[in-house]
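Asks: Data file data_39.cif (mmCIF, C-alpha atoms) is appended below.
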```cif
data_entry
#
loop_
_atom_site.label_atom_id
_atom_site.label_comp_id
_atom_site.auth_asym_id
_atom_site.auth_seq_id
_atom_site.Cartn_x
_atom_site.Cartn_y
_atom_site.Cartn_z
CA MET W 1 -24.90 -9.66 10.72
CA GLY W 2 -25.03 -8.10 14.18
CA GLU W 3 -27.26 -5.33 15.40
CA THR W 4 -26.18 -1.74 15.97
CA SER W 5 -26.00 -0.83 19.63
CA PRO W 6 -27.33 2.67 20.41
CA SER W 7 -24.08 3.34 22.23
CA GLN W 8 -22.05 2.42 19.14
CA LEU W 9 -23.23 5.51 17.24
CA ARG W 10 -21.41 8.56 18.54
CA PRO W 11 -22.72 11.93 17.25
CA ILE W 12 -19.94 14.47 16.75
CA THR W 13 -20.55 17.75 18.49
CA GLU W 14 -17.02 19.08 19.10
CA LEU W 15 -14.03 18.61 16.82
CA THR W 16 -11.80 19.01 19.86
CA ASP W 17 -12.95 15.64 21.21
CA PRO W 18 -9.71 13.63 21.72
CA ALA W 19 -11.54 10.52 20.48
CA LEU W 20 -11.44 12.07 17.00
CA ASP W 21 -7.68 12.63 16.94
CA ASP W 22 -7.10 9.66 14.61
CA TYR W 23 -8.94 11.58 11.86
CA LEU W 24 -7.44 15.03 12.39
CA ARG W 25 -5.61 16.89 9.58
CA MET W 26 -5.63 13.99 7.14
CA THR W 27 -4.53 16.12 4.17
CA ASP W 28 -1.16 16.86 5.79
CA VAL W 29 0.78 14.01 4.18
CA LYS W 30 4.03 14.44 6.12
CA LEU W 31 2.24 14.70 9.44
CA ARG W 32 -0.09 11.80 8.79
CA SER W 33 2.67 9.52 7.47
CA ARG W 34 4.49 9.94 10.78
CA VAL W 35 1.50 10.02 13.13
CA GLU W 36 -0.25 6.96 11.72
CA VAL W 37 2.84 4.79 12.08
CA GLU W 38 3.48 6.09 15.60
CA ARG W 39 -0.10 5.35 16.64
CA GLY W 40 -0.11 1.96 14.98
CA LEU W 41 -3.01 2.72 12.66
CA PHE W 42 -3.91 3.25 9.03
CA MET W 43 -6.97 4.63 7.26
CA ALA W 44 -9.24 2.58 5.02
CA GLU W 45 -11.63 4.52 2.80
CA SER W 46 -14.76 3.25 1.00
CA TYR W 47 -16.89 0.14 1.49
CA GLU W 48 -14.76 -2.03 -0.79
CA VAL W 49 -11.43 -1.12 0.79
CA ILE W 50 -12.69 -1.39 4.38
CA SER W 51 -14.25 -4.79 3.67
CA ARG W 52 -11.03 -6.03 2.01
CA ALA W 53 -9.07 -4.93 5.06
CA MET W 54 -11.47 -6.84 7.30
CA ASP W 55 -11.32 -9.90 5.08
CA ALA W 56 -7.54 -9.81 5.53
CA GLY W 57 -7.98 -9.88 9.31
CA MET W 58 -7.52 -6.17 10.05
CA ALA W 59 -9.40 -4.84 13.06
CA PRO W 60 -11.09 -1.41 13.08
CA ARG W 61 -10.54 1.07 15.89
CA SER W 62 -13.43 3.31 14.84
CA PHE W 63 -15.53 4.46 11.88
CA LEU W 64 -16.30 7.99 10.64
CA MET W 65 -19.22 8.89 8.35
CA SER W 66 -22.25 11.08 7.86
CA GLU W 67 -25.71 9.81 8.75
CA LYS W 68 -26.70 9.11 5.14
CA TRP W 69 -24.06 6.34 4.93
CA LEU W 70 -25.03 4.48 8.09
CA GLN W 71 -27.28 1.96 6.37
CA LYS W 72 -24.79 1.10 3.62
CA PHE W 73 -21.91 0.53 6.04
CA ALA W 74 -23.96 -1.24 8.70
CA PRO W 75 -22.87 -4.75 7.50
CA LEU W 76 -19.31 -3.72 8.32
CA TYR W 77 -19.51 -1.86 11.60
CA GLU W 78 -22.17 -4.16 13.06
CA LEU W 79 -19.54 -6.92 13.00
CA PHE W 80 -17.71 -4.90 15.68
CA PRO W 81 -20.38 -3.64 18.11
CA GLU W 82 -17.72 -2.51 20.59
CA VAL W 83 -16.13 -0.13 18.03
CA PRO W 84 -17.49 3.45 17.94
CA VAL W 85 -19.05 4.90 14.80
CA PHE W 86 -18.56 8.67 14.78
CA VAL W 87 -21.40 10.40 12.92
CA GLY W 88 -21.51 14.05 11.88
CA GLU W 89 -22.68 16.52 9.28
CA GLU W 90 -20.62 16.44 6.10
CA ALA W 91 -19.30 19.98 6.60
CA LEU W 92 -18.19 19.05 10.11
CA LEU W 93 -16.39 15.93 8.87
CA GLU W 94 -14.64 17.95 6.18
CA GLY W 95 -13.51 20.43 8.81
CA LEU W 96 -12.05 17.55 10.80
CA THR W 97 -10.29 15.63 8.04
CA GLY W 98 -9.61 18.40 5.53
CA PHE W 99 -11.45 16.73 2.64
CA HIS W 100 -14.92 15.64 1.58
CA LEU W 101 -15.70 11.99 2.36
CA HIS W 102 -17.23 11.30 -1.04
CA ARG W 103 -16.44 7.58 -0.74
CA GLY W 104 -18.81 7.32 2.19
CA ALA W 105 -16.76 6.48 5.24
CA LEU W 106 -13.37 6.11 6.81
CA ALA W 107 -12.24 3.43 9.21
CA ALA W 108 -9.24 3.82 11.46
CA MET W 109 -7.73 0.34 11.39
CA GLN W 110 -5.16 -1.33 13.59
CA ARG W 111 -1.87 -1.55 11.70
CA PRO W 112 -0.81 -5.20 11.28
CA GLU W 113 2.52 -6.51 12.46
CA LEU W 114 4.73 -6.97 9.42
CA PRO W 115 6.41 -10.32 8.79
CA GLY W 116 10.15 -10.73 8.84
CA VAL W 117 12.00 -10.80 5.53
CA ALA W 118 12.91 -14.46 5.84
CA GLU W 119 9.30 -15.39 6.55
CA LEU W 120 8.11 -13.33 3.59
CA LEU W 121 10.59 -14.90 1.17
CA ASP W 122 9.89 -18.46 2.25
CA GLY W 123 8.12 -20.11 -0.67
CA ALA W 124 8.22 -17.01 -2.88
CA ARG W 125 9.70 -17.10 -6.38
CA THR W 126 8.87 -13.63 -7.71
CA VAL W 127 9.55 -10.63 -5.49
CA ALA W 128 9.33 -6.91 -6.19
CA VAL W 129 11.57 -4.45 -4.37
CA LEU W 130 10.37 -0.83 -4.28
CA GLU W 131 13.39 1.39 -3.71
CA ASP W 132 12.52 4.80 -2.28
CA ILE W 133 9.26 5.21 -4.21
CA VAL W 134 8.01 8.38 -2.51
CA ASP W 135 4.80 8.89 -4.47
CA HIS W 136 1.91 7.12 -2.71
CA THR W 137 -0.03 6.84 -5.95
CA ASN W 138 2.82 4.93 -7.60
CA VAL W 139 3.16 2.64 -4.59
CA GLY W 140 -0.54 1.80 -4.70
CA ALA W 141 -0.49 1.21 -8.46
CA MET W 142 2.53 -1.07 -8.16
CA PHE W 143 0.81 -3.17 -5.49
CA ARG W 144 -2.24 -3.49 -7.72
CA SER W 145 -0.06 -4.70 -10.60
CA ALA W 146 1.77 -7.07 -8.26
CA ALA W 147 -1.53 -8.60 -7.16
CA ALA W 148 -2.89 -8.85 -10.69
CA LEU W 149 0.25 -10.31 -12.27
CA GLY W 150 1.32 -12.93 -9.78
CA VAL W 151 4.08 -11.30 -7.74
CA ASP W 152 4.47 -13.37 -4.58
CA ALA W 153 5.75 -10.66 -2.24
CA VAL W 154 6.86 -7.03 -2.09
CA LEU W 155 9.78 -5.55 -0.16
CA VAL W 156 9.87 -1.80 0.45
CA THR W 157 13.08 -0.01 1.35
CA PRO W 158 13.45 2.11 4.50
CA GLN W 159 12.73 5.38 2.65
CA CYS W 160 9.84 4.09 0.52
CA ALA W 161 6.41 5.64 1.04
CA ASP W 162 4.01 3.80 3.32
CA PRO W 163 1.90 1.22 1.43
CA LEU W 164 -0.73 1.66 4.15
CA TYR W 165 -1.11 5.38 3.62
CA ARG W 166 -4.69 6.20 2.60
CA ARG W 167 -3.86 7.17 -0.99
CA SER W 168 -1.72 4.08 -1.55
CA ILE W 169 -4.48 1.84 -0.25
CA ARG W 170 -7.11 3.56 -2.37
CA VAL W 171 -5.10 3.40 -5.62
CA SER W 172 -4.25 -0.23 -4.95
CA MET W 173 -7.97 -1.01 -4.59
CA GLY W 174 -7.12 -2.71 -1.31
CA THR W 175 -4.60 -5.13 -2.82
CA VAL W 176 -2.03 -3.94 -0.24
CA PHE W 177 -3.94 -6.29 2.06
CA GLN W 178 -3.65 -9.12 -0.46
CA VAL W 179 0.02 -9.12 -1.46
CA PRO W 180 2.41 -10.10 1.35
CA TRP W 181 4.90 -7.31 2.04
CA THR W 182 7.33 -5.99 4.59
CA ARG W 183 9.81 -3.18 5.06
CA LEU W 184 13.55 -3.77 4.82
CA THR W 185 15.63 -2.33 7.64
CA ALA W 186 18.75 -1.93 5.49
CA TRP W 187 19.29 -1.37 1.77
CA PRO W 188 20.95 -1.91 -0.62
CA THR W 189 23.92 -4.08 0.37
CA ALA W 190 22.39 -6.00 3.27
CA GLY W 191 19.06 -6.31 1.49
CA VAL W 192 20.57 -7.66 -1.71
CA ASP W 193 22.76 -10.03 0.31
CA GLY W 194 19.63 -11.33 2.06
CA LEU W 195 17.93 -11.95 -1.27
CA HIS W 196 21.00 -13.80 -2.56
CA ALA W 197 21.08 -15.91 0.58
CA ALA W 198 17.45 -16.85 -0.05
CA GLY W 199 18.33 -18.01 -3.56
CA PHE W 200 17.13 -15.00 -5.56
CA ASP W 201 18.76 -13.44 -8.59
CA VAL W 202 18.38 -9.67 -8.20
CA LEU W 203 17.50 -7.73 -11.34
CA ALA W 204 17.36 -3.95 -11.45
CA LEU W 205 15.24 -2.01 -13.91
CA ALA W 206 17.66 0.70 -15.00
CA LEU W 207 18.67 2.86 -17.96
CA THR W 208 22.34 1.95 -17.88
CA ASP W 209 24.92 1.10 -20.49
CA GLY W 210 24.86 -2.62 -21.00
CA ALA W 211 21.35 -3.12 -19.60
CA VAL W 212 19.72 -6.16 -21.19
CA PRO W 213 16.42 -5.63 -23.04
CA LEU W 214 13.57 -7.15 -21.07
CA ASP W 215 12.54 -9.50 -23.87
CA GLU W 216 16.05 -11.01 -23.86
CA VAL W 217 16.23 -11.63 -20.11
CA ASP W 218 15.78 -15.13 -18.74
CA LEU W 219 12.73 -14.85 -16.47
CA GLY W 220 11.81 -18.52 -16.70
CA PRO W 221 10.62 -20.80 -13.90
CA GLU W 222 14.07 -22.12 -13.08
CA ARG W 223 15.00 -18.74 -11.54
CA LYS W 224 13.84 -17.08 -8.36
CA VAL W 225 13.91 -13.38 -9.19
CA ALA W 226 13.74 -10.15 -7.26
CA LEU W 227 12.83 -7.20 -9.47
CA VAL W 228 14.11 -3.85 -8.17
CA LEU W 229 12.33 -0.66 -9.22
CA GLY W 230 13.43 2.83 -8.23
CA ALA W 231 12.03 6.30 -7.92
CA GLU W 232 11.52 8.41 -11.00
CA GLY W 233 14.04 11.12 -11.69
CA HIS W 234 17.29 9.97 -10.10
CA GLY W 235 16.44 6.27 -10.48
CA LEU W 236 18.15 3.55 -8.48
CA LYS W 237 21.05 4.27 -6.16
CA PRO W 238 24.54 3.69 -7.56
CA ALA W 239 25.18 1.26 -4.69
CA THR W 240 22.10 -0.71 -5.73
CA LEU W 241 23.25 -0.88 -9.34
CA ARG W 242 26.61 -2.23 -8.16
CA ALA W 243 25.06 -4.83 -5.84
CA VAL W 244 22.51 -6.43 -8.17
CA ASP W 245 23.13 -9.25 -10.63
CA GLU W 246 21.70 -7.74 -13.82
CA HIS W 247 20.44 -4.45 -15.23
CA VAL W 248 17.29 -4.69 -17.32
CA VAL W 249 15.68 -2.13 -19.62
CA ILE W 250 12.26 -2.08 -21.29
CA PRO W 251 12.76 -1.47 -25.04
CA MET W 252 11.21 1.86 -26.04
CA ALA W 253 10.01 3.43 -29.27
CA GLY W 254 8.73 6.81 -30.38
CA GLY W 255 11.59 8.74 -28.84
CA VAL W 256 10.51 7.82 -25.30
CA ASP W 257 13.31 6.68 -23.01
CA SER W 258 11.30 5.34 -20.08
CA LEU W 259 7.88 4.76 -18.53
CA ASN W 260 6.37 5.92 -15.27
CA VAL W 261 7.65 3.50 -12.62
CA ALA W 262 4.17 2.11 -11.94
CA ALA W 263 3.63 1.41 -15.64
CA ALA W 264 7.10 -0.08 -15.92
CA SER W 265 6.42 -2.40 -13.00
CA ALA W 266 3.32 -3.75 -14.74
CA VAL W 267 5.31 -4.48 -17.90
CA VAL W 268 8.05 -6.31 -16.00
CA PHE W 269 5.61 -8.26 -13.82
CA TRP W 270 3.66 -9.31 -16.93
CA GLN W 271 6.83 -10.47 -18.68
CA ARG W 272 7.80 -12.57 -15.69
CA ARG W 273 4.30 -14.07 -15.54
CA ALA W 274 4.39 -14.85 -19.25
CA MET W 275 7.79 -16.55 -18.94
CA LEU W 276 6.43 -18.68 -16.11
CA GLY W 277 3.70 -19.85 -18.46
CA ALA W 278 1.00 -18.56 -16.13
#
```
Any chance you could put this one into structure tokens?

Replies:
Amino acid sequence: MGETSPSQLRPITELTDPALDDYLRMTDVKLRSRVEVERGLFMAESYEVISRAMDAGMAPRSFLMSEKWLQKFAPLYELFPEVPVFVGEEALLEGLTGFHLHRGALAAMQRPELPGVAELLDGARTVAVLEDIVDHTNVGAMFRSAAALGVDAVLVTPQCADPLYRRSIRVSMGTVFQVPWTRLTAWPTAGVDGLHAAGFDVLALALTDGAVPLDEVDLGPERKVALVLGAEGHGLKPATLRAVDEHVVIPMAGGVDSLNVAAASAVVFWQRRAMLGA
């Protein structure tokens, strides 16, 4: 472990300091979702998530915390003595970010360059496609299930919420840094065609007439499968349903017609894993 340089610790005196702009107005989801992508950054929150990001090769731009957390987070920020650690009273930090940093610290991290689709699919056999999932909590939960249940890669459509948004990262417990993923530039037709070209059968989870019950679907090791999951409410796009190879439904009981999309993803990922004999 390195040693903290006196110049690394930067006491916060004025919230108008431009050096703090990365942390400004963090509760404004629409603003932050745009600004963070434009600036090429994302926010990691808590010791576990920040350390997972670092383990995955992500580089911090700066840290933000109150003085009482300096000792706990020292093993992380001392690895980067050139990176500033902004330190302030908790009320001041809340005024800056818009929320209480009860998980200890934030780190503004450099956003990684995403792989191309062909690179991501090379060697993969189980892929999840998240179509227009706009809830960051659902995105994070689906990444966590993907990591836990052996999904090789995740594709997100152009309108899907950012997997590197703070809430998505937090709910995923940092597994967004573990599961390879990238964003499609076109969906559905071009995206489905690309999956077909890579040898994948594309299966959509959908409540449609003729959908095959999940326990009757061939998800064995002889097939490379891409599992498409859509937003709650309106579900998958009609064009997606026309482009895919099969429609699949999870059998329900108790008068319930469907599950939350994050819960449904876990069921489908588990079934695929079980059929692979993993």

Asks: Skipping near chain neighbours, those fewer than 2 positions away, what residues fall within 9 Å of W:Ala161 using all atoms listed in the file, listed as a VMD selection string?

Replies: chain W and resid 33 132 to 136 139 156 to 159 163 to 165 168

Asks: Specify as a ChimeraX atom specification each residue included when the PyMOL selection byres ((chain W and resi 189) around 9) is applied to this file.

Replies: /W:186-188,190-194,239-240,243-244

Asks: Set the distance at 12 Å and use all atoms listed in the file: which residues neighbour W:Leu229 once local chain neighbours fewer than 4 positions away are removed? I'd like the list as a VMD selection string.

Replies: chain W and resid 127 to 133 138 to 139 142 154 to 157 160 202 to 207 234 to 237 240 to 241 244 247 to 249 259 to 269

Asks: When you look at stretch 39-44 of chain W with a cut-off of 6 Å (counting all atoms listed in the file), what residues show up, excluding the ones that are within fewer than 5 positions of it in the same chain? I need them as a short mmCIF file (atom, residue, chain, number, x, y, z; two decimals) with C-alpha atoms, keeping the file's coordinate frame.

Replies:
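That gives us selection.cif:
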```cif
data_model
loop_
_atom_site.label_atom_id
_atom_site.label_comp_id
_atom_site.auth_asym_id
_atom_site.auth_seq_id
_atom_site.Cartn_x
_atom_site.Cartn_y
_atom_site.Cartn_z
CA ILE W 50 -12.69 -1.39 4.38
CA LEU W 106 -13.37 6.11 6.81
CA ALA W 107 -12.24 3.43 9.21
CA ALA W 108 -9.24 3.82 11.46
CA MET W 109 -7.73 0.34 11.39
CA GLN W 110 -5.16 -1.33 13.59
CA ARG W 111 -1.87 -1.55 11.70
CA ARG W 166 -4.69 6.20 2.60
#
```

Asks: Given the PyMOL selection byres ((chain W and resi 224) around 6) and the file above, list the residues it selects as a PDB file with C-alpha atoms, in the coordinates of the input.

Replies:
```pdb
ATOM      1  CA  ARG W 125       9.700 -17.100  -6.380  1.00  0.00           C
ATOM      2  CA  PHE W 200      17.130 -15.000  -5.560  1.00  0.00           C
ATOM      3  CA  ARG W 223      15.000 -18.740 -11.540  1.00  0.00           C
ATOM      4  CA  VAL W 225      13.910 -13.380  -9.190  1.00  0.00           C
TER       5      VAL W 225
END
```

Asks: Could you list, as a ChimeraX atom specification, every residue within 9 Å of W:Gly277, counting only C-alpha atoms and ignoring same-chain residues fewer than 4 positions away?

Replies: /W:220-221,272-273

Asks: Give the answer as one residue: which of W:Trp181, W:Trp69, W:Tyr47, W:Tyr23 has the shortest atom-to-atom distance to W:Asp162, using all atoms listed in the file?

Replies: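 Distance minimum relative to W:Asp162 lands on W:Trp181.
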
Asks: Determine, counting all atoms listed in the file, which protein, DNA and RNA residues have an atom within 12 Å of an atom of W:His102; residues of the same chain fewer than 5 positions away are not included. Present the result as a compact mmCIF listing (two decimals) with C-alpha atoms, keeping the file's coordinate frame.

Replies:
```txt
# COMPACT_ATOMS: atom_id res chain seq x y z
CA GLU W 45 -11.63 4.52 2.80
CA SER W 46 -14.76 3.25 1.00
CA TYR W 47 -16.89 0.14 1.49
CA MET W 65 -19.22 8.89 8.35
CA SER W 66 -22.25 11.08 7.86
CA LYS W 68 -26.70 9.11 5.14
CA TRP W 69 -24.06 6.34 4.93
CA GLU W 90 -20.62 16.44 6.10
CA ALA W 91 -19.30 19.98 6.60
CA LEU W 93 -16.39 15.93 8.87
CA GLU W 94 -14.64 17.95 6.18
```

Asks: Could you tell me how far atom CA of W:Pro75 lies from atom CA of W:Glu36, in Å and to one decimal?

Replies: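 Spanning atom CA of W:Pro75 to atom CA of W:Glu36 is a straight-line distance of 25.8 Å.
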
Asks: As a check of understanding, name the residues that the PyMOL selection byres ((chain W and resi 179) around 7) selects in the supplied structure, as a list in words.

Replies: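 Checked against the file, the PyMOL selection byres ((chain W and resi 179) around 7) matches Ala147, Asp152, Ala153, Thr175, Val176, Phe177, Gln178, Pro180 and Trp181 of chain W.
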
Asks: Can you measure atom CA of W:Pro213 to atom CA of W:Gly233 for me? One decimal in Å is fine.

Replies: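 Atom CA of W:Gly233 lies 20.4 Å from atom CA of W:Pro213.
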
Asks: Figure out the distance between atom CA of W:Asp215 and atom CA of W:Pro251, please, to one decimal in Å.

Replies: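 If I compute the distance from atom CA of W:Pro251 to atom CA of W:Asp215, I get 8.1 Å.
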
Asks: Closest to W:Gly210 among W:Gly174, W:Glu246, W:Gln8, W:Glu78, using only C-alpha atoms?

Replies: W:Glu246

Asks: Of the residues W:Val29, W:Ile250, W:Ala197, W:Ala146, which is the one nearest to W:Val212, using only C-alpha atoms?

Replies: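 The shortest atom-to-atom distance to W:Val212 comes from W:Ile250.
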
Asks: Looking at only C-alpha atoms, which of W:Gly150, W:Ser62, W:Val171, W:Lys30 is the one that sits closest to W:Val49?

Replies: W:Val171

Asks: Given 5 Å of margin on each side, can you work out the centre and size in Å (one decimal) of an axis-aligned box holding every listed atom of stretch 3-22 of chain W, as AutoDock Vina command-line options?

Replies:
```
--center_x -17.2 --center_y 6.9 --center_z 18.4 --size_x 30.2 --size_y 34.4 --size_z 17.6
```

Asks: Compare W:Gly199, W:Gly123, W:Gly140, W:Gly116 by their minimum atom-to-atom distance to W:Thr182, counting only C-alpha atoms, and give me the closest one.

Replies: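 Checking each candidate against W:Thr182, we get W:Gly116 as the closest.
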
Asks: Choose the residue, out of W:Thr126, W:Thr97, W:Glu48, W:Ala118, that has the smallest atom-to-atom separation from W:Leu149; count all atoms listed in the file.

Replies: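 Comparing W:Thr126, W:Thr97, W:Glu48, W:Ala118 against W:Leu149, the winner is W:Thr126.
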
Asks: N, CA and C atoms are needed for stretch 228-251 of chain W; please write them out as a compact mmCIF listing (two decimals), in the coordinates of the input.

Replies:
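Wrote out-v3.txt, looks like this:
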```
# COMPACT_ATOMS: atom_id res chain seq x y z
N VAL W 228 13.91 -5.09 -8.92
CA VAL W 228 14.11 -3.85 -8.17
C VAL W 228 13.71 -2.66 -9.04
N LEU W 229 12.81 -1.84 -8.51
CA LEU W 229 12.33 -0.66 -9.22
C LEU W 229 12.56 0.57 -8.35
N GLY W 230 13.08 1.64 -8.99
CA GLY W 230 13.43 2.83 -8.23
C GLY W 230 12.59 4.04 -8.56
N ALA W 231 12.79 5.07 -7.77
CA ALA W 231 12.03 6.30 -7.92
C ALA W 231 12.31 6.96 -9.26
N GLU W 232 11.33 7.69 -9.76
CA GLU W 232 11.52 8.41 -11.00
C GLU W 232 12.47 9.58 -10.76
N GLY W 233 13.09 10.02 -11.83
CA GLY W 233 14.04 11.12 -11.69
C GLY W 233 15.44 10.58 -11.55
N HIS W 234 15.91 10.42 -10.31
CA HIS W 234 17.29 9.97 -10.10
C HIS W 234 17.45 8.47 -10.27
N GLY W 235 16.36 7.71 -10.27
CA GLY W 235 16.44 6.27 -10.48
C GLY W 235 17.04 5.54 -9.29
N LEU W 236 17.58 4.36 -9.55
CA LEU W 236 18.15 3.55 -8.48
C LEU W 236 19.48 4.12 -7.99
N LYS W 237 19.80 3.81 -6.75
CA LYS W 237 21.05 4.27 -6.16
C LYS W 237 22.24 3.60 -6.86
N PRO W 238 23.34 4.32 -6.99
CA PRO W 238 24.54 3.69 -7.56
C PRO W 238 24.95 2.43 -6.80
N ALA W 239 24.81 2.44 -5.48
CA ALA W 239 25.18 1.26 -4.69
C ALA W 239 24.27 0.08 -5.02
N THR W 240 23.02 0.36 -5.33
CA THR W 240 22.10 -0.71 -5.73
C THR W 240 22.53 -1.29 -7.07
N LEU W 241 22.85 -0.42 -8.01
CA LEU W 241 23.25 -0.88 -9.34
C LEU W 241 24.52 -1.72 -9.27
N ARG W 242 25.38 -1.43 -8.32
CA ARG W 242 26.61 -2.23 -8.16
C ARG W 242 26.32 -3.58 -7.51
N ALA W 243 25.31 -3.62 -6.63
CA ALA W 243 25.06 -4.83 -5.84
C ALA W 243 24.25 -5.89 -6.57
N VAL W 244 23.42 -5.48 -7.53
CA VAL W 244 22.51 -6.43 -8.17
C VAL W 244 23.23 -7.28 -9.20
N ASP W 245 22.54 -8.30 -9.69
CA ASP W 245 23.13 -9.25 -10.63
C ASP W 245 23.03 -8.79 -12.08
N GLU W 246 21.92 -8.15 -12.44
CA GLU W 246 21.70 -7.74 -13.82
C GLU W 246 20.96 -6.41 -13.85
N HIS W 247 21.21 -5.64 -14.94
CA HIS W 247 20.44 -4.45 -15.23
C HIS W 247 19.53 -4.78 -16.41
N VAL W 248 18.28 -4.36 -16.31
CA VAL W 248 17.29 -4.69 -17.32
C VAL W 248 16.62 -3.40 -17.79
N VAL W 249 16.35 -3.30 -19.07
CA VAL W 249 15.68 -2.13 -19.62
C VAL W 249 14.50 -2.57 -20.48
N ILE W 250 13.41 -1.82 -20.42
CA ILE W 250 12.26 -2.08 -21.29
C ILE W 250 12.52 -1.38 -22.63
N PRO W 251 12.53 -2.11 -23.74
CA PRO W 251 12.76 -1.47 -25.04
C PRO W 251 11.68 -0.42 -25.32
```
